[in-house]
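Text of protein_36.pdb, listed as PDB, C-alpha atoms and all ligand atoms:
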```
ATOM      1  CA  MET S   1      18.352 -65.590  71.378
ATOM      2  CA  ALA S   2      19.636 -64.534  67.966
ATOM      3  CA  THR S   3      20.697 -60.917  67.593
ATOM      4  CA  ASP S   4      17.760 -60.145  65.285
ATOM      5  CA  GLN S   5      15.292 -61.467  67.815
ATOM      6  CA  ARG S   6      16.963 -59.553  70.611
ATOM      7  CA  ILE S   7      16.722 -56.300  68.628
ATOM      8  CA  ALA S   8      13.072 -57.067  67.862
ATOM      9  CA  ALA S   9      12.367 -57.586  71.573
ATOM     10  CA  ILE S  10      14.016 -54.261  72.453
ATOM     11  CA  ASP S  11      12.046 -52.543  69.671
ATOM     12  CA  THR S  12       8.823 -54.051  70.981
ATOM     13  CA  ALA S  13       9.504 -52.881  74.530
ATOM     14  CA  ALA S  14      10.355 -49.389  73.286
ATOM     15  CA  ALA S  15       7.263 -49.250  71.070
ATOM     16  CA  ARG S  16       5.058 -50.407  73.953
ATOM     17  CA  MET S  17       6.499 -47.723  76.228
ATOM     18  CA  ARG S  18       5.942 -45.110  73.527
ATOM     19  CA  ALA S  19       2.339 -46.284  73.062
ATOM     20  CA  TRP S  20       1.823 -46.068  76.857
ATOM     21  CA  GLU S  21       3.224 -42.504  76.956
ATOM     22  CA  ILE S  22       1.013 -41.377  74.065
ATOM     23  CA  ALA S  23      -2.124 -42.918  75.596
ATOM     24  CA  ALA S  24      -1.309 -41.561  79.089
ATOM     25  CA  GLU S  25      -1.093 -37.987  77.722
ATOM     26  CA  VAL S  26      -4.697 -37.976  76.431
ATOM     27  CA  PRO S  27      -6.561 -35.303  78.425
ATOM     28  CA  ASP S  28      -9.731 -35.952  80.398
ATOM     29  CA  PRO S  29     -12.481 -34.265  78.332
ATOM     30  CA  GLU S  30     -14.207 -33.083  81.531
ATOM     31  CA  VAL S  31     -11.153 -31.849  83.415
ATOM     32  CA  PRO S  32      -8.673 -31.069  80.604
ATOM     33  CA  VAL S  33      -5.905 -30.277  83.091
ATOM     34  CA  LEU S  34      -5.788 -34.003  83.934
ATOM     35  CA  THR S  35      -4.623 -36.779  81.638
ATOM     36  CA  ILE S  36      -5.932 -40.310  81.716
ATOM     37  CA  GLY S  37      -2.505 -41.254  83.093
ATOM     38  CA  ASP S  38      -3.081 -38.852  86.041
ATOM     39  CA  LEU S  39      -6.524 -40.301  86.651
ATOM     40  CA  GLY S  40      -5.343 -43.892  86.748
ATOM     41  CA  VAL S  41      -7.840 -44.691  83.980
ATOM     42  CA  LEU S  42      -5.082 -46.151  81.798
ATOM     43  CA  ARG S  43      -4.495 -49.690  83.111
ATOM     44  CA  ASP S  44      -2.362 -51.478  80.528
ATOM     45  CA  VAL S  45      -0.933 -51.163  77.036
ATOM     46  CA  ARG S  46       0.136 -54.211  75.034
ATOM     47  CA  LEU S  47       1.749 -54.459  71.632
ATOM     48  CA  MET S  48       0.492 -57.477  69.685
ATOM     49  CA  GLU S  49       2.593 -59.380  67.148
ATOM     50  CA  ASP S  50       0.663 -57.908  64.217
ATOM     51  CA  GLY S  51       1.433 -54.373  65.449
ATOM     52  CA  THR S  52      -1.968 -53.753  67.018
ATOM     53  CA  VAL S  53      -1.853 -51.744  70.230
ATOM     54  CA  GLU S  54      -4.255 -53.041  72.874
ATOM     55  CA  VAL S  55      -5.186 -50.493  75.506
ATOM     56  CA  ASP S  56      -7.002 -51.337  78.748
ATOM     57  CA  ILE S  57      -8.953 -48.547  80.403
ATOM     58  CA  THR S  58     -11.157 -48.479  83.489
ATOM     59  CA  PRO S  59     -13.881 -45.804  83.332
ATOM     60  CA  THR S  60     -14.064 -43.372  86.262
ATOM     61  CA  TYR S  61     -17.860 -43.549  86.311
ATOM     62  CA  THR S  62     -19.927 -46.206  84.624
ATOM     63  CA  GLY S  63     -21.908 -44.484  81.928
ATOM     64  CA  CYS S  64     -19.767 -41.363  82.167
ATOM     65  CA  PRO S  65     -20.285 -39.717  78.754
ATOM     66  CA  ALA S  66     -16.609 -38.727  78.764
ATOM     67  CA  MET S  67     -15.569 -42.338  78.236
ATOM     68  CA  SER S  68     -16.543 -42.531  74.575
ATOM     69  CA  VAL S  69     -14.535 -39.333  73.984
ATOM     70  CA  PHE S  70     -11.492 -40.860  75.756
ATOM     71  CA  THR S  71     -11.699 -43.954  73.642
ATOM     72  CA  MET S  72     -11.727 -42.025  70.393
ATOM     73  CA  ASP S  73      -8.971 -39.668  71.507
ATOM     74  CA  ILE S  74      -6.677 -42.547  72.522
ATOM     75  CA  GLU S  75      -7.271 -44.268  69.201
ATOM     76  CA  THR S  76      -6.646 -41.095  67.211
ATOM     77  CA  ALA S  77      -3.469 -40.233  69.147
ATOM     78  CA  LEU S  78      -1.976 -43.704  68.624
ATOM     79  CA  LEU S  79      -2.878 -43.883  64.935
ATOM     80  CA  LYS S  80      -1.401 -40.425  64.413
ATOM     81  CA  ALA S  81       1.813 -41.606  66.088
ATOM     82  CA  GLY S  82       2.095 -44.331  63.455
ATOM     83  CA  PHE S  83       0.642 -47.402  65.159
ATOM     84  CA  ALA S  84      -1.155 -49.529  62.588
ATOM     85  CA  SER S  85      -4.258 -50.397  64.559
ATOM     86  CA  VAL S  86      -5.657 -49.835  68.023
ATOM     87  CA  LYS S  87      -7.989 -51.872  70.155
ATOM     88  CA  ILE S  88      -9.455 -50.385  73.333
ATOM     89  CA  ARG S  89     -10.702 -52.746  76.023
ATOM     90  CA  THR S  90     -12.826 -51.507  78.904
ATOM     91  CA  VAL S  91     -11.956 -53.243  82.151
ATOM     92  CA  LEU S  92     -14.641 -52.833  84.812
ATOM     93  CA  SER S  93     -13.086 -54.875  87.579
ATOM     94  CA  PRO S  94     -11.550 -53.766  89.860
ATOM     95  CA  ALA S  95     -13.703 -50.624  89.724
ATOM     96  CA  TRP S  96     -11.955 -47.269  89.506
ATOM     97  CA  THR S  97     -11.842 -45.198  92.679
ATOM     98  CA  THR S  98     -10.556 -41.702  93.363
ATOM     99  CA  ASP S  99      -7.777 -43.407  95.356
ATOM    100  CA  TRP S 100      -6.121 -44.089  91.983
ATOM    101  CA  LEU S 101      -5.560 -40.380  91.366
ATOM    102  CA  SER S 102      -1.868 -39.582  91.493
ATOM    103  CA  ASP S 103      -0.605 -36.938  93.952
ATOM    104  CA  GLY S 104       0.288 -34.825  90.927
ATOM    105  CA  ALA S 105      -3.314 -35.096  89.759
ATOM    106  CA  ARG S 106      -4.603 -33.792  93.121
ATOM    107  CA  GLU S 107      -2.254 -30.795  92.869
ATOM    108  CA  LYS S 108      -3.337 -30.083  89.288
ATOM    109  CA  LEU S 109      -7.018 -30.187  90.315
ATOM    110  CA  ARG S 110      -6.422 -27.720  93.150
ATOM    111  CA  ALA S 111      -4.491 -25.359  90.854
ATOM    112  CA  TYR S 112      -7.395 -25.567  88.398
ATOM    113  CA  GLY S 113      -9.846 -24.493  91.131
ATOM    114  CA  ILE S 114     -11.381 -27.907  91.719
ATOM    115  CA  ALA S 115     -11.161 -29.424  95.182
ATOM    116  CA  PRO S 116      -9.558 -32.878  94.885
ATOM    117  CA  PRO S 117     -11.312 -35.823  96.540
ATOM    118  CA  ALA S 118     -10.783 -35.711 100.286
ATOM    119  CA  GLY S 119      -9.363 -38.796 101.934
ATOM    120  CA  LYS S 120      -9.767 -42.339 100.780
ATOM    121  CA  ALA S 121     -12.903 -43.647  99.118
ATOM    122  CA  SER S 122     -12.836 -46.626 101.479
ATOM    123  CA  ARG S 123     -12.674 -44.372 104.547
ATOM    124  CA  ARG S 124     -15.521 -42.219 103.278
ATOM    125  CA  ALA S 125     -17.761 -45.273 103.029
ATOM    126  CA  LEU S 126     -17.258 -45.748 106.769
ATOM    127  CA  PHE S 127     -17.363 -42.156 108.021
ATOM    128  CA  GLY S 128     -19.771 -40.402 105.672
ATOM    129  CA  ASP S 129     -19.328 -36.986 104.100
ATOM    130  CA  ASP S 130     -15.958 -35.533 103.278
ATOM    131  CA  GLU S 131     -14.233 -32.582 104.835
ATOM    132  CA  VAL S 132     -13.541 -30.506 101.741
ATOM    133  CA  ALA S 133     -10.927 -27.753 101.689
ATOM    134  CA  CYS S 134     -11.572 -24.694  99.508
ATOM    135  CA  PRO S 135      -9.168 -24.898  96.528
ATOM    136  CA  ARG S 136      -8.710 -21.106  96.629
ATOM    137  CA  CYS S 137      -8.089 -20.225 100.277
ATOM    138  CA  GLY S 138      -7.708 -23.682 101.851
ATOM    139  CA  SER S 139     -10.441 -23.044 104.435
ATOM    140  CA  LEU S 140     -12.398 -26.038 105.708
ATOM    141  CA  ALA S 141     -15.431 -23.789 106.281
ATOM    142  CA  THR S 142     -17.175 -25.155 103.227
ATOM    143  CA  GLU S 143     -20.638 -26.453 102.480
ATOM    144  CA  LYS S 144     -22.219 -28.529  99.758
ATOM    145  CA  VAL S 145     -24.574 -26.560  97.512
ATOM    146  CA  SER S 146     -25.588 -29.317  95.117
ATOM    147  CA  GLU S 147     -24.720 -32.966  94.548
ATOM    148  CA  PHE S 148     -24.100 -32.111  90.880
ATOM    149  CA  GLY S 149     -21.644 -29.494  89.626
ATOM    150  CA  SER S 150     -20.697 -28.701  86.040
ATOM    151  CA  THR S 151     -20.624 -32.459  85.337
ATOM    152  CA  ALA S 152     -22.021 -35.559  87.054
ATOM    153  CA  CYS S 153     -18.530 -36.397  88.356
ATOM    154  CA  LYS S 154     -18.364 -33.176  90.369
ATOM    155  CA  ALA S 155     -20.437 -31.612  93.124
ATOM    156  CA  LEU S 156     -20.947 -27.885  93.642
ATOM    157  CA  TRP S 157     -19.603 -26.563  96.943
ATOM    158  CA  ARG S 158     -19.190 -23.109  98.434
ATOM    159  CA  CYS S 159     -16.558 -21.682 100.727
ATOM    160  CA  THR S 160     -18.010 -19.610 103.558
ATOM    161  CA  ALA S 161     -14.592 -18.028 104.282
ATOM    162  CA  CYS S 162     -13.993 -16.481 100.836
ATOM    163  CA  SER S 163     -17.616 -17.008  99.682
ATOM    164  CA  GLU S 164     -16.487 -18.510  96.361
ATOM    165  CA  PRO S 165     -18.329 -21.460  94.851
ATOM    166  CA  PHE S 166     -16.160 -24.327  93.585
ATOM    167  CA  ASP S 167     -16.375 -27.751  92.006
ATOM    168  CA  TYR S 168     -15.512 -30.743  94.132
ATOM    169  CA  PHE S 169     -14.233 -33.853  92.367
ATOM    170  CA  LYS S 170     -16.428 -36.391  94.106
ATOM    171  CA  CYS S 171     -14.850 -39.158  96.096
ATOM    172  CA  HIS S 172     -15.984 -42.645  95.243
TER     173      HIS S 172
HETATM  174 ZN    ZN E   1     -12.231 -20.186 100.191
END
```

Can you present the structure in this file as structure tokens?
Ligand SMILES: [Zn+2]
Amino acid sequence: MATDQRIAAIDTAAARMRAWEIAAEVPDPEVPVLTIGDLGVLRDVRLMEDGTVEVDITPTYTGCPAMSVFTMDIETALLKAGFASVKIRTVLSPAWTTDWLSDGAREKLRAYGIAPPAGKASRRALFGDDEVACPRCGSLATEKVSEFGSTACKALWRCTACSEPFDYFKCH
């Protein structure tokens, strides 16, 4: 490989990594404490020869209204960072599950007062409802109030120990 080409390859790798970091930092419009990197929504970032950044995302919920906001925010962030053009691809398979949430994301949810998904989505399918710990006091004496919380992606629960209501990030 000629030196010029080698430098170009290094530049491309660095630019791709930068594009990934910028895209990963875009906050979830519904839970702003989480980024799409935390959620596992960001699947891949490619830098094309013409300088276009291609971003693959997998929506958390099909038809989740937040997705169109994500898409625009990712595009805006990358254009602002100097990338010439951005193409967002939605990848539906494999489907996103709460198992893709990073451990850091679960901690951030709890600190924000939202109970993170309990256990594995696959296990829940077998054993039914989750055991949900109160994000405030950690008690397992909790009960579901409503299948829908402040958004469709969350359910409303209540802790019978500290009697506080809280959002539960639904496991699926
Ligand atoms: Zn509690």

Counting all atoms listed in the file, figure out which residue out of S:Cys153, S:Ala23, S:Val132, S:Ala15 gets nearest to Val41 in chain S.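 Counting all atoms listed in the file, the residue closest to Val41 in chain S is S:Ala23.
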
Quick one: pull the distance between CA of Gly104 in chain S and CA of Gly82 in chain S, Å, one decimal.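 Separating CA of Gly104 in chain S from CA of Gly82 in chain S is a distance of 29.1 Å.
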
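What separates CA of Lys80 in chain S from CA of Leu109 in chain S is a distance of 28.4 Å.
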
Pick out the residues sitting within 12 Å of Thr35 in chain S, and hand them over as a list in words; count all atoms listed in the file, and ignore anything fewer than 6 positions along from it in its own chain.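 The residues that qualify are Glu21, Ile22, Ala23, Ala24, Glu25, Val26, Pro27, Asp28, Pro29, Val41, Leu42, Phe70, Asp73, Ile74, Leu101, Ser102, Gly104, Ala105, Arg106, Lys108 and Leu109 of chain S.
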
At a cut-off of 7 Å and counting all atoms listed in the file, what residues surround ligand ZN 1 (chain E)? Please answer as a PyMOL selection string. chain S and resi 134-139+159-164

Could those selected residues go to a file with C-alpha atoms, as a PDB file, in the coordinates of the input?
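Saved as result_33.pdb:
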```
ATOM      1  CA  CYS S 134     -11.572 -24.694  99.508  1.00  0.00           C
ATOM      2  CA  PRO S 135      -9.168 -24.898  96.528  1.00  0.00           C
ATOM      3  CA  ARG S 136      -8.710 -21.106  96.629  1.00  0.00           C
ATOM      4  CA  CYS S 137      -8.089 -20.225 100.277  1.00  0.00           C
ATOM      5  CA  GLY S 138      -7.708 -23.682 101.851  1.00  0.00           C
ATOM      6  CA  SER S 139     -10.441 -23.044 104.435  1.00  0.00           C
ATOM      7  CA  CYS S 159     -16.558 -21.682 100.727  1.00  0.00           C
ATOM      8  CA  THR S 160     -18.010 -19.610 103.558  1.00  0.00           C
ATOM      9  CA  ALA S 161     -14.592 -18.028 104.282  1.00  0.00           C
ATOM     10  CA  CYS S 162     -13.993 -16.481 100.836  1.00  0.00           C
ATOM     11  CA  SER S 163     -17.616 -17.008  99.682  1.00  0.00           C
ATOM     12  CA  GLU S 164     -16.487 -18.510  96.361  1.00  0.00           C
TER      13      GLU S 164
END
```

Using all atoms listed in the file - which residues lie no farther than 7 Å from the point (-5.9, -46.2, 71.2) in the file's frame? Write them as a list of chain:residue names.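 Nearby residues: S:Ala23, S:Val53, S:Val55, S:Thr71, S:Ile74, S:Glu75, S:Thr76, S:Ala77, S:Leu78, S:Val86, S:Lys87, S:Ile88.
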
Apply the PyMOL selection byres (((chain S and resi 154) around 7) and not hetatm) to the displayed file and report the matching residues as a list of chain:residue names.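 Applied to this file, the PyMOL selection byres (((chain S and resi 154) around 7) and not hetatm) selects S:Phe148, S:Gly149, S:Ser150, S:Thr151, S:Ala152, S:Cys153, S:Ala155, S:Leu156, S:Asp167, S:Tyr168, S:Phe169, S:Lys170.
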
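Note that CA of Val69 in chain S and CA of Ile36 in chain S are 11.6 Å apart.
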
Best match for closeness to Val91 in chain S among S:Ala14, S:Leu79, S:Ile57, S:Val31, counting all atoms listed in the file: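 That would be S:Ile57, the residue with the smallest distance to Val91 in chain S.
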
Provide an axis-aligned box for all listed atoms of range 157-164 of chain S, padding each side by 5 Å; report its centre and its edge lengths in Å to one decimal, as AutoDock Vina command-line options.
```
--center_x -16.8 --center_y -21.5 --center_z 100.3 --size_x 15.6 --size_y 20.1 --size_z 17.9
```

When you count all atoms listed in the file, which of these residues is closest to Ala13 in chain S: S:Leu39, S:Ala118, S:Leu47, S:Leu34? S:Leu47

Glu107 in chain S proximity check over S:Asp38, S:Arg158, S:Ser68, S:Ser85, using all atoms listed in the file: winner is S:Asp38

For Glu131 in chain S, which residue among S:Gly113, S:Trp157, S:Arg43, S:Arg6 is the nearest when counting all atoms listed in the file?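 Of all the options, S:Trp157 lies closest to Glu131 in chain S.
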
Among listed residues S:Gly51, S:Gly37, S:Pro59, S:Pro32, nearest Trp96 in chain S (using all atoms listed in the file): S:Pro59
